[in-house]
Amino acid sequence: MTDPSLSGAHVLVTGGAGFLGSALCETLLAGGARVTCVDDESTGTVANLASAVADPGLRVVVTDVADLDLATARGDHGRVDVVLHLAATASPVHYLRMPEHTLRSGSAGTLRALEVAAADDARFVLASTSEVYGDAEVSPQPEAYWGNVNPIGPRAVYDESKRFSEAAAFAFRRSRGVDVGVVRIFNTYGPRMGLDDGRVVPTFLAQAWRGEPLTVQGDGAQTRSFCYVDDTVRALVAMATADEPGPVNVGNPHELTMLELAERVLSVTGSRSEIVHVDLPQDDPARRCPDISRARETLGWKPEVDLEDGLARTATWVRDQISVPVPPRG
Ligand code: UDP
């Protein structure tokens, strides 16, 4: 449910056509906000907003956030009340393919979005990431941990652009008084994730439904903690109205190994696919699990959808995308 104080507000969502951004736009519109979605469709697609295009409260601007100016940000909706800055190339497959674009949207794009917030005295929420912790030496990761990122490795284009974005948000807070709120989002999953973008949940589910081997990278002992998209959206909406600069971790503390995830996927799909081991990518973090004490205290937020339920919902969606017939019961 959207905070009533966002009803009628003009909310600018950068990256609003992506997997997470489109779910966020839908929730904001349902709560009565007027929404401007800014997206260059480099990894998302406006088709993700199909259910909302007829809503007069929605404006869609197809542009790179690094080229965004104030007049375009305002458009017919006028002064901006809240900026939710999600635009980023979040999947390893995409940011490795588009390293310069990733750096530009994370740096110039973040500065442009902050300029809009500064000009209109808007709340600015940065969708940062657990990747700021890099290959963490402590687990679970609290916000006070400064991270262990390889600044010249292949993942650095994403990790460092988010670290830059956090630095920029806090600099604008100090120097220009911008009302910022930083959330560090851990692995999120759900319907509308790209089936070909390499992320582990849609990849395993698509492989399972197609009867292909599940490609576990390395020995599969590395861990991740997966949060269902609806829970992450609720946290973003809560941060949009909170009097809290953060950073605040947003994630589901249920940690599991990638081998365990593969087993869960086989079980939820009923697939007989085998599990194979392939090369582990460079700098793949060994452990990732959020400490969400601060989110509980400051946002009154905790995840509500457990992995079994969230995986089942996502599995159904993936099956529909690849047109696998519903298996007979019994
Ligand atoms: N992974 C895997 N098989 C795949 C894709 C990913 O075992 O086909 C692993 C990957 O090595 C990582 C984890 O799953 O340890 C999560 O990868 P993802 O790309 O989804 O997100 P990340 O957390 O690395 O950004």
# chains A, B, ... in the order shown; residues from 1 in each chain; ligands from 1

$ residues_around --residues "range 207-224 of chain A" --least-positions-apart "2" --cutoff "8 Å" --atoms "only C-alpha atoms" --output "VMD selection string"
chain A and resid 187 203 to 205 226 255 to 259 262 265 to 266 269 271 to 281 285 to 289 319 324

$ atom_distance --atom1 "CA of His94 in chain A" --atom2 "atom 25 (O, counted along the ligand's line) of ligand 1"
10.9 Å

$ select_by_dssp --residues "range 107-195 of chain A" --states "strand (DSSP E or B)" --output "list in words"
Arg123, Phe124, Val125, Leu126, Ala127, Ser128, Thr129, Gly134, Gln141, Asn148, Asp179, Val180, Gly181, Val182, Val183, Arg184, Ile185, Thr188 and Tyr189 of chain A

$ residues_around --residues "Ala33 in chain A" --least-positions-apart "6" --cutoff "10 Å" --atoms "only C-alpha atoms" --output "ChimeraX atom specification"
/A:2-11,25-27,57-58

$ residues_around --residues "range 143-160 of chain A" --least-positions-apart "3" --cutoff "6 Å" --atoms "only C-alpha atoms" --output "NGL selection string"
:A and (99 or 103 or 131-136 or 163-164)

$ write_last_selection --atoms "N, CA, C and O atoms" --output "compact mmCIF listing (two decimals), in the first residue's frame"
# COMPACT_ATOMS: atom_id res chain seq x y z
N PRO A 99 29.95 -1.34 -20.35
CA PRO A 99 30.65 -0.75 -19.20
C PRO A 99 30.61 0.78 -19.16
O PRO A 99 30.41 1.38 -18.10
N LEU A 103 28.80 3.28 -16.35
CA LEU A 103 29.51 4.32 -15.61
C LEU A 103 28.84 5.68 -15.81
O LEU A 103 28.73 6.47 -14.87
N GLU A 131 25.96 -4.40 -3.70
CA GLU A 131 27.28 -4.50 -4.37
C GLU A 131 28.27 -3.49 -3.80
O GLU A 131 29.47 -3.62 -4.02
N VAL A 132 27.78 -2.46 -3.09
CA VAL A 132 28.74 -1.53 -2.47
C VAL A 132 29.58 -2.27 -1.43
O VAL A 132 30.66 -1.80 -1.07
N TYR A 133 29.10 -3.42 -0.94
CA TYR A 133 29.88 -4.20 0.03
C TYR A 133 30.90 -5.10 -0.66
O TYR A 133 31.77 -5.67 -0.01
N GLY A 134 30.77 -5.26 -1.99
CA GLY A 134 31.71 -6.08 -2.75
C GLY A 134 31.76 -7.50 -2.21
O GLY A 134 30.74 -8.07 -1.83
N ASP A 135 32.96 -8.06 -2.18
CA ASP A 135 33.15 -9.41 -1.64
C ASP A 135 33.33 -9.25 -0.13
O ASP A 135 34.46 -9.18 0.38
N ALA A 136 32.20 -9.16 0.58
CA ALA A 136 32.20 -8.74 1.98
C ALA A 136 32.99 -9.68 2.89
O ALA A 136 32.93 -10.90 2.74
N ARG A 163 28.70 3.31 -5.64
CA ARG A 163 29.41 3.95 -4.53
C ARG A 163 29.53 5.46 -4.81
O ARG A 163 29.34 6.27 -3.92
N PHE A 164 29.82 5.80 -6.07
CA PHE A 164 29.85 7.21 -6.46
C PHE A 164 28.47 7.85 -6.22
O PHE A 164 28.37 8.97 -5.71

$ closest_atom_pairs --of "range 236-284 of chain A" --to "range 108-130 of chain A" --cutoff "9 Å" --atoms "only C-alpha atoms" --output "tab-separated table"
residue	atom	partner	partner_atom	distance
A:Leu236	CA	A:Val125	CA	7.9
A:Met239	CA	A:Val125	CA	7.0
A:Ala240	CA	A:Val125	CA	6.2
A:Thr241	CA	A:Arg123	CA	8.1
A:Pro245	CA	A:Val125	CA	8.7
A:Pro247	CA	A:Ser128	CA	8.6
A:Asn249	CA	A:Ser130	CA	7.7
A:Val250	CA	A:Ser130	CA	8.7
A:Gly251	CA	A:Ser130	CA	8.9

$ closest_residue --among "A:Cys37, A:Thr232, A:Ala171, A:Val13" --to "His85 in chain A" --atoms "only C-alpha atoms"
A:Val13

$ closest_residue --among "A:Leu70, A:Leu96, A:Ala54, A:Val138" --to "ligand 1" --atoms "only C-alpha atoms and all ligand atoms"
A:Leu96

$ closest_residue --among "A:Ala242, A:Leu12, A:Leu261, A:Val60" --to "ligand 1" --atoms "only C-alpha atoms and all ligand atoms"
A:Leu261

$ residues_around --residues "Val305 in chain A" --least-positions-apart "3" --cutoff "10 Å" --atoms "only C-alpha atoms" --output "list in words"
Cys227, Tyr228, Val229, Asp230, Asp231, Asn252, Lys302, Glu308, Asp309, Gly310 and Leu311 of chain A

$ write_last_selection --atoms "all heavy atoms" --output "PDB file, in the first residue's frame"
ATOM      1  N   CYS A 227      15.040 -11.327  -2.197  1.00  0.00           N
ATOM      2  CA  CYS A 227      13.859 -10.611  -1.714  1.00  0.00           C
ATOM      3  C   CYS A 227      12.856 -10.505  -2.864  1.00  0.00           C
ATOM      4  O   CYS A 227      13.227 -10.128  -3.990  1.00  0.00           O
ATOM      5  CB  CYS A 227      14.284  -9.224  -1.237  1.00  0.00           C
ATOM      6  SG  CYS A 227      13.017  -8.340  -0.342  1.00  0.00           S
ATOM      7  N   TYR A 228      11.611 -10.824  -2.584  1.00  0.00           N
ATOM      8  CA  TYR A 228      10.585 -10.756  -3.625  1.00  0.00           C
ATOM      9  C   TYR A 228      10.278  -9.295  -3.967  1.00  0.00           C
ATOM     10  O   TYR A 228      10.235  -8.421  -3.093  1.00  0.00           O
ATOM     11  CB  TYR A 228       9.316 -11.491  -3.169  1.00  0.00           C
ATOM     12  CG  TYR A 228       8.327 -11.671  -4.291  1.00  0.00           C
ATOM     13  CD1 TYR A 228       8.627 -12.481  -5.373  1.00  0.00           C
ATOM     14  CD2 TYR A 228       7.110 -11.002  -4.279  1.00  0.00           C
ATOM     15  CE1 TYR A 228       7.727 -12.634  -6.432  1.00  0.00           C
ATOM     16  CE2 TYR A 228       6.200 -11.151  -5.320  1.00  0.00           C
ATOM     17  CZ  TYR A 228       6.528 -11.971  -6.396  1.00  0.00           C
ATOM     18  OH  TYR A 228       5.651 -12.116  -7.436  1.00  0.00           O
ATOM     19  N   VAL A 229      10.042  -9.045  -5.249  1.00  0.00           N
ATOM     20  CA  VAL A 229       9.903  -7.674  -5.762  1.00  0.00           C
ATOM     21  C   VAL A 229       8.867  -6.839  -5.005  1.00  0.00           C
ATOM     22  O   VAL A 229       9.094  -5.660  -4.723  1.00  0.00           O
ATOM     23  CB  VAL A 229       9.604  -7.708  -7.285  1.00  0.00           C
ATOM     24  CG1 VAL A 229       8.359  -8.505  -7.609  1.00  0.00           C
ATOM     25  CG2 VAL A 229       9.547  -6.320  -7.884  1.00  0.00           C
ATOM     26  N   ASP A 230       7.739  -7.438  -4.613  1.00  0.00           N
ATOM     27  CA  ASP A 230       6.692  -6.656  -3.924  1.00  0.00           C
ATOM     28  C   ASP A 230       7.213  -6.110  -2.593  1.00  0.00           C
ATOM     29  O   ASP A 230       6.850  -5.004  -2.177  1.00  0.00           O
ATOM     30  CB  ASP A 230       5.452  -7.526  -3.643  1.00  0.00           C
ATOM     31  CG  ASP A 230       4.714  -7.901  -4.917  1.00  0.00           C
ATOM     32  OD1 ASP A 230       5.207  -7.575  -6.013  1.00  0.00           O
ATOM     33  OD2 ASP A 230       3.647  -8.536  -4.811  1.00  0.00           O
ATOM     34  N   ASP A 231       8.046  -6.903  -1.916  1.00  0.00           N
ATOM     35  CA  ASP A 231       8.621  -6.442  -0.649  1.00  0.00           C
ATOM     36  C   ASP A 231       9.594  -5.288  -0.886  1.00  0.00           C
ATOM     37  O   ASP A 231       9.603  -4.302  -0.142  1.00  0.00           O
ATOM     38  CB  ASP A 231       9.350  -7.602   0.052  1.00  0.00           C
ATOM     39  CG  ASP A 231       8.394  -8.590   0.699  1.00  0.00           C
ATOM     40  OD1 ASP A 231       7.301  -8.158   1.133  1.00  0.00           O
ATOM     41  OD2 ASP A 231       8.731  -9.785   0.783  1.00  0.00           O
ATOM     42  N   ASN A 252      16.009  -9.628   1.919  1.00  0.00           N
ATOM     43  CA  ASN A 252      15.456 -10.705   2.737  1.00  0.00           C
ATOM     44  C   ASN A 252      16.616 -11.477   3.359  1.00  0.00           C
ATOM     45  O   ASN A 252      17.461 -11.987   2.630  1.00  0.00           O
ATOM     46  CB  ASN A 252      14.610 -11.622   1.847  1.00  0.00           C
ATOM     47  CG  ASN A 252      13.818 -12.620   2.655  1.00  0.00           C
ATOM     48  OD1 ASN A 252      14.319 -13.151   3.646  1.00  0.00           O
ATOM     49  ND2 ASN A 252      12.588 -12.862   2.250  1.00  0.00           N
ATOM     50  N   LYS A 302       9.790  -5.007   6.920  1.00  0.00           N
ATOM     51  CA  LYS A 302      10.453  -6.311   6.839  1.00  0.00           C
ATOM     52  C   LYS A 302       9.821  -7.081   5.688  1.00  0.00           C
ATOM     53  O   LYS A 302       8.664  -6.802   5.325  1.00  0.00           O
ATOM     54  CB  LYS A 302      10.337  -7.085   8.158  1.00  0.00           C
ATOM     55  CG  LYS A 302       8.936  -7.440   8.576  1.00  0.00           C
ATOM     56  CD  LYS A 302       8.984  -8.253   9.841  1.00  0.00           C
ATOM     57  CE  LYS A 302       7.620  -8.496  10.446  1.00  0.00           C
ATOM     58  NZ  LYS A 302       6.586  -9.029   9.588  1.00  0.00           N
ATOM     59  N   GLU A 308       9.621 -19.699  -0.893  1.00  0.00           N
ATOM     60  CA  GLU A 308       8.788 -20.717  -1.525  1.00  0.00           C
ATOM     61  C   GLU A 308       7.659 -20.073  -2.331  1.00  0.00           C
ATOM     62  O   GLU A 308       7.436 -20.398  -3.504  1.00  0.00           O
ATOM     63  CB  GLU A 308       8.206 -21.611  -0.432  1.00  0.00           C
ATOM     64  CG  GLU A 308       7.686 -22.905  -0.981  1.00  0.00           C
ATOM     65  CD  GLU A 308       7.229 -23.826   0.136  1.00  0.00           C
ATOM     66  OE1 GLU A 308       7.708 -23.676   1.272  1.00  0.00           O
ATOM     67  OE2 GLU A 308       6.390 -24.682  -0.158  1.00  0.00           O
ATOM     68  N   ASP A 309       7.009 -19.119  -1.701  1.00  0.00           N
ATOM     69  CA  ASP A 309       5.884 -18.431  -2.338  1.00  0.00           C
ATOM     70  C   ASP A 309       6.377 -17.577  -3.520  1.00  0.00           C
ATOM     71  O   ASP A 309       5.824 -17.628  -4.628  1.00  0.00           O
ATOM     72  CB  ASP A 309       5.215 -17.561  -1.254  1.00  0.00           C
ATOM     73  CG  ASP A 309       3.915 -16.968  -1.722  1.00  0.00           C
ATOM     74  OD1 ASP A 309       3.418 -17.386  -2.785  1.00  0.00           O
ATOM     75  OD2 ASP A 309       3.397 -16.063  -1.034  1.00  0.00           O
ATOM     76  N   GLY A 310       7.436 -16.799  -3.282  1.00  0.00           N
ATOM     77  CA  GLY A 310       7.961 -15.916  -4.329  1.00  0.00           C
ATOM     78  C   GLY A 310       8.487 -16.690  -5.525  1.00  0.00           C
ATOM     79  O   GLY A 310       8.279 -16.310  -6.687  1.00  0.00           O
ATOM     80  N   LEU A 311       9.161 -17.811  -5.242  1.00  0.00           N
ATOM     81  CA  LEU A 311       9.685 -18.634  -6.353  1.00  0.00           C
ATOM     82  C   LEU A 311       8.545 -19.243  -7.149  1.00  0.00           C
ATOM     83  O   LEU A 311       8.597 -19.318  -8.381  1.00  0.00           O
ATOM     84  CB  LEU A 311      10.554 -19.768  -5.812  1.00  0.00           C
ATOM     85  CG  LEU A 311      12.077 -19.619  -5.812  1.00  0.00           C
ATOM     86  CD1 LEU A 311      12.729 -20.931  -5.449  1.00  0.00           C
ATOM     87  CD2 LEU A 311      12.614 -19.080  -7.131  1.00  0.00           C
TER      88      LEU A 311
END

$ atom_distance --atom1 "CA of Val83 in chain A" --atom2 "CA of Arg173 in chain A"
14.0 Å

$ atom_distance --atom1 "CA of Thr298 in chain A" --atom2 "CA of Gly18 in chain A"
26.9 Å

$ closest_residue --among "A:Ala71, A:Val318, A:Val38, A:Ala90" --to "ligand 1" --atoms "only C-alpha atoms and all ligand atoms"
A:Ala90

$ closest_residue --among "A:Ala30, A:Thr314, A:Glu244, A:Asp69" --to "Glu297 in chain A" --atoms "only C-alpha atoms"
A:Glu244

$ residues_around --residues "Thr45 in chain A" --least-positions-apart "3" --cutoff "8 Å" --atoms "only C-alpha atoms" --output "VMD selection string"
chain A and resid 17 to 18 41 to 42 48 to 49

$ closest_residue --among "A:Ala47, A:Ala206, A:Ala167, A:Val82" --to "ligand 1" --atoms "only C-alpha atoms and all ligand atoms"
A:Ala206

$ decode --residues "range 240-253 of chain A" --atoms "C-alpha atoms" --output "compact mmCIF listing (two decimals), in the first residue's frame"
# COMPACT_ATOMS: atom_id res chain seq x y z
CA ALA A 240 10.11 7.96 -0.26
CA THR A 241 8.13 9.34 2.68
CA ALA A 242 10.56 8.67 5.54
CA ASP A 243 12.62 11.30 7.30
CA GLU A 244 15.71 9.13 7.01
CA PRO A 245 18.90 9.63 5.00
CA GLY A 246 20.07 6.02 5.32
CA PRO A 247 21.82 4.11 4.04
CA VAL A 248 19.30 1.40 4.84
CA ASN A 249 19.68 -2.22 3.73
CA VAL A 250 16.65 -3.66 1.94
CA GLY A 251 16.68 -7.39 1.46
CA ASN A 252 15.46 -10.71 2.74
CA PRO A 253 17.86 -12.17 5.31
